[in-house]
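So this block is structure_14.cif, mmCIF, C-alpha atoms; chains and numbers go by the auth columns:
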```
data_data
loop_
_atom_site.group_PDB
_atom_site.id
_atom_site.type_symbol
_atom_site.label_atom_id
_atom_site.label_comp_id
_atom_site.label_asym_id
_atom_site.label_seq_id
_atom_site.Cartn_x
_atom_site.Cartn_y
_atom_site.Cartn_z
_atom_site.B_iso_or_equiv
_atom_site.auth_seq_id
_atom_site.auth_asym_id
ATOM 1 C CA MET A 1 371.689 26.150 -28.368 0.00 260 Y
ATOM 2 C CA LYS A 2 375.136 24.709 -27.629 0.00 261 Y
ATOM 3 C CA LYS A 3 374.286 24.433 -23.931 0.00 262 Y
ATOM 4 C CA THR A 4 371.113 22.475 -24.797 0.00 263 Y
ATOM 5 C CA ASN A 5 373.017 20.070 -27.068 0.00 264 Y
ATOM 6 C CA THR A 6 375.609 19.467 -24.347 0.00 265 Y
ATOM 7 C CA LEU A 7 372.855 18.768 -21.827 0.00 266 Y
ATOM 8 C CA LYS A 8 371.112 16.367 -24.218 0.00 267 Y
ATOM 9 C CA LEU A 9 374.367 14.524 -24.936 0.00 268 Y
ATOM 10 C CA THR A 10 375.117 14.298 -21.225 0.00 269 Y
ATOM 11 C CA ILE A 11 371.682 12.900 -20.438 0.00 270 Y
ATOM 12 C CA ALA A 12 372.021 10.472 -23.357 0.00 271 Y
ATOM 13 C CA ALA A 13 375.388 9.280 -22.011 0.00 272 Y
ATOM 14 C CA VAL A 14 373.898 8.767 -18.552 0.00 273 Y
ATOM 15 C CA MET A 15 371.004 6.832 -20.102 0.00 274 Y
ATOM 16 C CA VAL A 16 373.480 4.593 -21.978 0.00 275 Y
ATOM 17 C CA ALA A 17 375.265 3.926 -18.677 0.00 276 Y
ATOM 18 C CA VAL A 18 371.975 3.153 -16.904 0.00 277 Y
ATOM 19 C CA ALA A 19 370.998 0.727 -19.685 0.00 278 Y
ATOM 20 C CA VAL A 20 374.377 -1.027 -19.639 0.00 279 Y
ATOM 21 C CA VAL A 21 374.530 -1.339 -15.853 0.00 280 Y
ATOM 22 C CA GLY A 22 370.850 -2.267 -15.793 0.00 281 Y
ATOM 23 C CA SER A 23 371.514 -5.126 -18.211 0.00 282 Y
ATOM 24 C CA MET A 24 373.345 -6.888 -15.400 0.00 283 Y
ATOM 25 C CA PHE A 25 369.856 -7.403 -14.019 0.00 284 Y
ATOM 26 C CA SER A 26 368.673 -9.543 -16.897 0.00 285 Y
ATOM 27 C CA PHE A 27 367.003 -12.905 -16.929 0.00 286 Y
ATOM 28 C CA PRO A 28 366.792 -15.584 -19.620 0.00 287 Y
ATOM 29 C CA VAL A 29 363.505 -16.318 -21.398 0.00 288 Y
ATOM 30 C CA LEU A 30 363.580 -18.878 -24.222 0.00 289 Y
ATOM 31 C CA GLY A 31 367.171 -18.189 -25.252 0.00 290 Y
ATOM 32 C CA SER A 32 366.949 -14.418 -25.045 0.00 291 Y
ATOM 33 C CA LYS A 33 368.346 -12.188 -22.322 0.00 292 Y
ATOM 34 C CA CYS A 34 365.530 -9.987 -21.085 0.00 293 Y
ATOM 35 C CA ALA A 35 366.797 -6.641 -19.830 0.00 294 Y
ATOM 36 C CA PRO A 36 363.807 -4.518 -18.765 0.00 295 Y
ATOM 37 C CA VAL A 37 365.974 -1.520 -17.822 0.00 296 Y
ATOM 38 C CA GLN A 38 366.746 -0.910 -21.521 0.00 297 Y
ATOM 39 C CA HIS A 39 363.045 -0.422 -22.220 0.00 298 Y
ATOM 40 C CA MET A 40 362.652 1.912 -19.277 0.00 299 Y
ATOM 41 C CA VAL A 41 365.542 3.937 -20.707 0.00 300 Y
ATOM 42 C CA ASN A 42 363.901 3.964 -24.159 0.00 301 Y
ATOM 43 C CA ILE A 43 360.752 5.563 -22.786 0.00 302 Y
ATOM 44 C CA VAL A 44 362.603 8.059 -20.597 0.00 303 Y
ATOM 45 C CA CYS A 45 364.660 9.073 -23.648 0.00 304 Y
ATOM 46 C CA ALA A 46 361.473 9.425 -25.716 0.00 305 Y
ATOM 47 C CA VAL A 47 359.984 11.776 -23.126 0.00 306 Y
ATOM 48 C CA LEU A 48 363.103 13.832 -22.418 0.00 307 Y
ATOM 49 C CA LEU A 49 365.261 13.675 -25.549 0.00 308 Y
ATOM 50 C CA GLY A 50 363.158 12.656 -28.538 0.00 309 Y
ATOM 51 C CA PRO A 51 363.200 9.736 -30.962 0.00 310 Y
ATOM 52 C CA TRP A 52 366.623 10.164 -32.562 0.00 311 Y
ATOM 53 C CA TYR A 53 368.487 10.458 -29.285 0.00 312 Y
ATOM 54 C CA GLY A 54 366.513 7.454 -28.073 0.00 313 Y
ATOM 55 C CA VAL A 55 367.651 5.363 -31.040 0.00 314 Y
ATOM 56 C CA MET A 56 371.261 6.485 -30.541 0.00 315 Y
ATOM 57 C CA VAL A 57 371.096 5.583 -26.848 0.00 316 Y
ATOM 58 C CA ALA A 58 369.601 2.170 -27.673 0.00 317 Y
ATOM 59 C CA PHE A 59 372.301 1.513 -30.285 0.00 318 Y
ATOM 60 C CA ALA A 60 375.162 2.601 -28.010 0.00 319 Y
ATOM 61 C CA ALA A 61 373.832 0.589 -25.074 0.00 320 Y
ATOM 62 C CA SER A 62 373.335 -2.501 -27.270 0.00 321 Y
ATOM 63 C CA LEU A 63 376.834 -2.172 -28.688 0.00 322 Y
ATOM 64 C CA ILE A 64 378.478 -1.791 -25.282 0.00 323 Y
ATOM 65 C CA ARG A 65 376.390 -4.630 -23.828 0.00 324 Y
ATOM 66 C CA ASN A 66 377.516 -6.906 -26.668 0.00 325 Y
ATOM 67 C CA LEU A 67 381.168 -5.872 -26.350 0.00 326 Y
ATOM 68 C CA LEU A 68 381.055 -6.615 -22.615 0.00 327 Y
ATOM 69 C CA GLY A 69 379.240 -9.924 -23.099 0.00 328 Y
ATOM 70 C CA LEU A 70 376.145 -8.668 -21.282 0.00 329 Y
ATOM 71 C CA GLY A 71 373.771 -8.949 -24.233 0.00 330 Y
ATOM 72 C CA SER A 72 373.124 -10.689 -27.508 0.00 331 Y
ATOM 73 C CA LEU A 73 372.759 -9.469 -31.066 0.00 332 Y
ATOM 74 C CA MET A 74 369.013 -9.484 -30.445 0.00 333 Y
ATOM 75 C CA ALA A 75 369.505 -6.334 -28.351 0.00 334 Y
ATOM 76 C CA PHE A 76 369.867 -4.250 -31.508 0.00 335 Y
ATOM 77 C CA PRO A 77 366.540 -4.823 -33.301 0.00 336 Y
ATOM 78 C CA GLY A 78 364.461 -4.940 -30.136 0.00 337 Y
ATOM 79 C CA SER A 79 365.789 -1.880 -28.380 0.00 338 Y
ATOM 80 C CA MET A 80 366.302 0.342 -31.412 0.00 339 Y
ATOM 81 C CA ILE A 81 362.915 -0.251 -33.036 0.00 340 Y
ATOM 82 C CA GLY A 82 361.172 0.171 -29.693 0.00 341 Y
ATOM 83 C CA ALA A 83 363.066 3.406 -29.019 0.00 342 Y
ATOM 84 C CA LEU A 84 362.191 4.818 -32.427 0.00 343 Y
ATOM 85 C CA LEU A 85 358.519 3.931 -32.238 0.00 344 Y
ATOM 86 C CA CYS A 86 357.970 5.214 -28.703 0.00 345 Y
ATOM 87 C CA GLY A 87 359.971 8.361 -29.457 0.00 346 Y
ATOM 88 C CA ILE A 88 357.856 9.158 -32.500 0.00 347 Y
ATOM 89 C CA CYS A 89 354.671 8.359 -30.585 0.00 348 Y
ATOM 90 C CA TYR A 90 355.586 10.709 -27.725 0.00 349 Y
ATOM 91 C CA ALA A 91 356.631 13.457 -30.139 0.00 350 Y
ATOM 92 C CA LYS A 92 353.223 13.230 -31.853 0.00 351 Y
ATOM 93 C CA THR A 93 350.916 12.675 -28.851 0.00 352 Y
ATOM 94 C CA ARG A 94 352.754 13.995 -25.768 0.00 353 Y
ATOM 95 C CA LYS A 95 350.986 11.218 -23.825 0.00 354 Y
ATOM 96 C CA ILE A 96 352.643 8.584 -21.691 0.00 355 Y
ATOM 97 C CA LEU A 97 350.322 5.591 -22.149 0.00 356 Y
ATOM 98 C CA PRO A 98 350.466 5.533 -25.981 0.00 357 Y
ATOM 99 C CA THR A 99 354.246 5.983 -25.701 0.00 358 Y
ATOM 100 C CA VAL A 100 354.505 2.964 -23.398 0.00 359 Y
ATOM 101 C CA LEU A 101 352.314 0.892 -25.713 0.00 360 Y
ATOM 102 C CA ALA A 102 354.405 1.964 -28.710 0.00 361 Y
ATOM 103 C CA GLU A 103 357.554 0.755 -26.916 0.00 362 Y
ATOM 104 C CA VAL A 104 355.927 -2.615 -26.207 0.00 363 Y
ATOM 105 C CA PHE A 105 354.667 -3.015 -29.785 0.00 364 Y
ATOM 106 C CA GLY A 106 357.899 -1.759 -31.356 0.00 365 Y
ATOM 107 C CA THR A 107 360.110 -4.003 -29.278 0.00 366 Y
ATOM 108 C CA ALA A 108 357.992 -7.138 -28.891 0.00 367 Y
ATOM 109 C CA VAL A 109 356.303 -7.394 -32.272 0.00 368 Y
ATOM 110 C CA LEU A 110 358.437 -5.443 -34.748 0.00 369 Y
ATOM 111 C CA GLY A 111 361.742 -6.059 -32.929 0.00 370 Y
ATOM 112 C CA GLY A 112 360.833 -9.727 -32.444 0.00 371 Y
ATOM 113 C CA LEU A 113 360.095 -10.124 -36.147 0.00 372 Y
ATOM 114 C CA CYS A 114 363.320 -8.333 -37.109 0.00 373 Y
ATOM 115 C CA ALA A 115 365.264 -10.630 -34.798 0.00 374 Y
ATOM 116 C CA TYR A 116 364.526 -13.516 -37.151 0.00 375 Y
ATOM 117 C CA PRO A 117 366.742 -12.350 -40.061 0.00 376 Y
ATOM 118 C CA VAL A 118 369.403 -11.156 -37.595 0.00 377 Y
ATOM 119 C CA ALA A 119 369.501 -14.627 -36.089 0.00 378 Y
ATOM 120 C CA ILE A 120 369.796 -16.257 -39.515 0.00 379 Y
ATOM 121 C CA LEU A 121 372.505 -13.895 -40.782 0.00 380 Y
ATOM 122 C CA PHE A 122 374.673 -13.577 -37.694 0.00 381 Y
ATOM 123 C CA MET A 123 373.862 -16.462 -35.356 0.00 382 Y
ATOM 124 C CA GLY A 124 373.568 -19.357 -37.786 0.00 383 Y
ATOM 125 C CA LYS A 125 370.721 -21.373 -39.213 0.00 384 Y
ATOM 126 C CA LYS A 126 370.055 -23.266 -35.982 0.00 385 Y
ATOM 127 C CA ALA A 127 369.273 -20.086 -34.056 0.00 386 Y
ATOM 128 C CA GLY A 128 367.388 -18.761 -37.049 0.00 387 Y
ATOM 129 C CA ASP A 129 365.098 -21.780 -37.135 0.00 388 Y
ATOM 130 C CA ILE A 130 363.562 -20.815 -33.812 0.00 389 Y
ATOM 131 C CA ALA A 131 363.979 -17.037 -33.904 0.00 390 Y
ATOM 132 C CA PHE A 132 360.748 -16.269 -35.735 0.00 391 Y
ATOM 133 C CA TYR A 133 358.700 -18.001 -33.048 0.00 392 Y
ATOM 134 C CA ALA A 134 360.907 -17.564 -30.022 0.00 393 Y
ATOM 135 C CA TYR A 135 361.750 -13.850 -29.863 0.00 394 Y
ATOM 136 C CA ILE A 136 358.386 -12.102 -29.770 0.00 395 Y
ATOM 137 C CA PHE A 137 357.417 -13.563 -26.387 0.00 396 Y
ATOM 138 C CA PRO A 138 360.756 -12.919 -24.608 0.00 397 Y
ATOM 139 C CA PHE A 139 360.896 -9.409 -26.058 0.00 398 Y
ATOM 140 C CA PHE A 140 357.353 -8.854 -24.788 0.00 399 Y
ATOM 141 C CA VAL A 141 358.272 -9.992 -21.272 0.00 400 Y
ATOM 142 C CA SER A 142 361.322 -7.729 -21.214 0.00 401 Y
ATOM 143 C CA THR A 143 359.640 -4.644 -22.632 0.00 402 Y
ATOM 144 C CA ALA A 144 356.491 -5.014 -20.542 0.00 403 Y
ATOM 145 C CA GLY A 145 358.527 -4.972 -17.325 0.00 404 Y
ATOM 146 C CA GLY A 146 360.606 -1.965 -18.340 0.00 405 Y
ATOM 147 C CA SER A 147 357.603 -0.124 -19.700 0.00 406 Y
ATOM 148 C CA ILE A 148 355.697 -0.499 -16.442 0.00 407 Y
ATOM 149 C CA ILE A 149 358.701 0.793 -14.480 0.00 408 Y
ATOM 150 C CA SER A 150 359.047 3.834 -16.756 0.00 409 Y
ATOM 151 C CA TRP A 151 355.308 4.535 -16.684 0.00 410 Y
ATOM 152 C CA ILE A 152 355.454 4.651 -12.879 0.00 411 Y
ATOM 153 C CA ILE A 153 358.556 6.880 -12.824 0.00 412 Y
ATOM 154 C CA ILE A 154 357.259 9.312 -15.437 0.00 413 Y
ATOM 155 C CA ASN A 155 353.845 9.573 -13.789 0.00 414 Y
ATOM 156 C CA ILE A 156 355.480 10.306 -10.430 0.00 415 Y
ATOM 157 C CA LEU A 157 357.598 13.041 -12.051 0.00 416 Y
ATOM 158 C CA ASP A 158 354.540 14.446 -13.818 0.00 417 Y
ATOM 159 C CA ARG A 159 352.380 14.530 -10.675 0.00 418 Y
ATOM 160 C CA ALA A 160 355.203 16.160 -8.739 0.00 419 Y
ATOM 161 C CA LYS A 161 355.245 18.880 -11.429 0.00 420 Y
ATOM 162 C CA VAL A 162 358.891 18.086 -12.213 0.00 421 Y
ATOM 163 C CA LEU A 163 358.602 16.503 -15.650 0.00 422 Y
ATOM 164 C CA ALA A 164 357.576 19.643 -17.549 0.00 423 Y
ATOM 165 C CA GLY A 165 360.482 21.582 -16.023 0.00 424 Y
ATOM 166 C CA MET A 166 362.931 18.861 -16.990 0.00 425 Y
ATOM 167 C CA GLN A 167 361.612 18.884 -20.553 0.00 426 Y
ATOM 168 C CA ARG A 168 361.878 22.677 -20.801 0.00 427 Y
ATOM 169 C CA LYS A 169 365.446 22.598 -19.472 0.00 428 Y
ATOM 170 C CA VAL A 170 366.550 19.848 -21.869 0.00 429 Y
ATOM 171 C CA ASN A 171 364.848 21.276 -24.949 0.00 430 Y
ATOM 172 C CA GLY A 172 365.951 24.834 -24.324 0.00 431 Y
#
```
As structure tokens:
Amino acid sequence: MKKTNTLKLTIAAVMVAVAVVGSMFSFPVLGSKCAPVQHMVNIVCAVLLGPWYGVMVAFAASLIRNLLGLGSLMAFPGSMIGALLCGICYAKTRKILPTVLAEVFGTAVLGGLCAYPVAILFMGKKAGDIAFYAYIFPFFVSTAGGSIISWIIINILDRAKVLAGMQRKVNG
């Protein structure tokens, strides 16, 4: 049990590092920094670690990205809601495509809608005026890219008969 927890924490730490380093490869879309690597990490965490580790990884990566000036406050609602939704979806279905779609919906739609009050409370009224309309599309662009990358990676691992072994090892 302790060995499994240590392995999960280690993988989670590596995923945080991948998300933070991957955020250096972001691009602006309508005032938001789109970082597709974060969404790839969310789905990989959902498949290997489960929903709660995924949310913790998304939170830690968002926090570090903000502290380093690599992200915005919008990283929190988008990445964390997407991680939770795709983690729950994978835990219930054990299927990759619904998990990918849950990440896209959780990040783009729910995360985009939650960005509106975050923008009003923490970024000022001016940012809040456009947040309701301007965050769903950039979040969709970001999460769609990362979700496609993770879908490819996970399918390659599955076809190579490696994914199931990784899951058994991580989950004890």
Practice problem: Let me know the residues the PyMOL selection byres ((chain Y and resi 337) around 8) catches in the file above, as a PyMOL selection string. | Solution: chain Y and resi 333-336+338-341+365-367+369-371+373-374+398
Self-check item: Contact residues around range 425-431 of chain Y with only C-alpha atoms at 12 Å, ignoring same-chain residues under 5 positions, as a PyMOL selection string
Solution: chain Y and resi 260-271+303-309+353+413+416-417+419-420
Quiz item: Which value, in Å to one decimal, gives the distance between CA of Glu362 in chain Y and CA of Ala350 in chain Y?
Solution: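 Distance between the two atoms: 13.1 Å.
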Quiz item: Looking at Y:Ser282, Y:Met315, Y:Leu356, Y:Ala361, which one is nearest to Ile411 in chain Y, with distances taken over only C-alpha atoms?
Solution: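 Of Y:Ser282, Y:Met315, Y:Leu356, Y:Ala361, the one nearest Ile411 in chain Y is Y:Leu356, counting only C-alpha atoms.
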Self-check item: Nearest to Ala294 in chain Y, chosen from Y:Cys345, Y:Ala319, Y:Pro376, Y:Ser331, with all atoms listed in the file counted in the distances
Solution: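 Of Y:Cys345, Y:Ala319, Y:Pro376, Y:Ser331, the one nearest Ala294 in chain Y is Y:Ser331, counting all atoms listed in the file.
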Practice problem: Could you jot down the CA of Leu329 in chain Y to CA of Ser285 in chain Y separation for me, Å, one decimal place? | Solution: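 Between CA of Leu329 in chain Y and CA of Ser285 in chain Y the gap is 8.7 Å.
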Practice problem: Please indicate the distance in Å from CA of Leu327 in chain Y to CA of Gln297 in chain Y, rounded to one decimal place. | Solution: 15.4 Å
Quiz item: Mind telling me what the PyMOL selection byres ((chain Y and resi 278) around 7) catches here, as a PyMOL selection string?
Solution: chain Y and resi 274-277+279-282+296-297+300+320
Practice problem: For the structure provided, state which residues fall under the PyMOL selection byres ((chain Y and resi 402) around 7), and present them as a PyMOL selection string. | Solution: chain Y and resi 295+298+363+366-367+398-401+403-406
Would you compute the box with edges along x, y and z of the file around range 324-333 of chain Y, including every atom the file lists for it and 4 Å extra on each side, and give its centre and edge lengths in Å to one decimal, as lines of an AutoDock Vina configuration file?
```
center_x = 375.1
center_y = -7.7
center_z = -26.2
size_x = 20.2
size_y = 14.1
size_z = 17.8
```
Quiz prompt | Residue with smallest distance to Asn301 in chain Y - pool Y:Pro397, Y:Gly346, Y:Pro287, Y:Pro357, counting all atoms listed in the file | solution =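 Of Y:Pro397, Y:Gly346, Y:Pro287, Y:Pro357, the one nearest Asn301 in chain Y is Y:Gly346, counting all atoms listed in the file.
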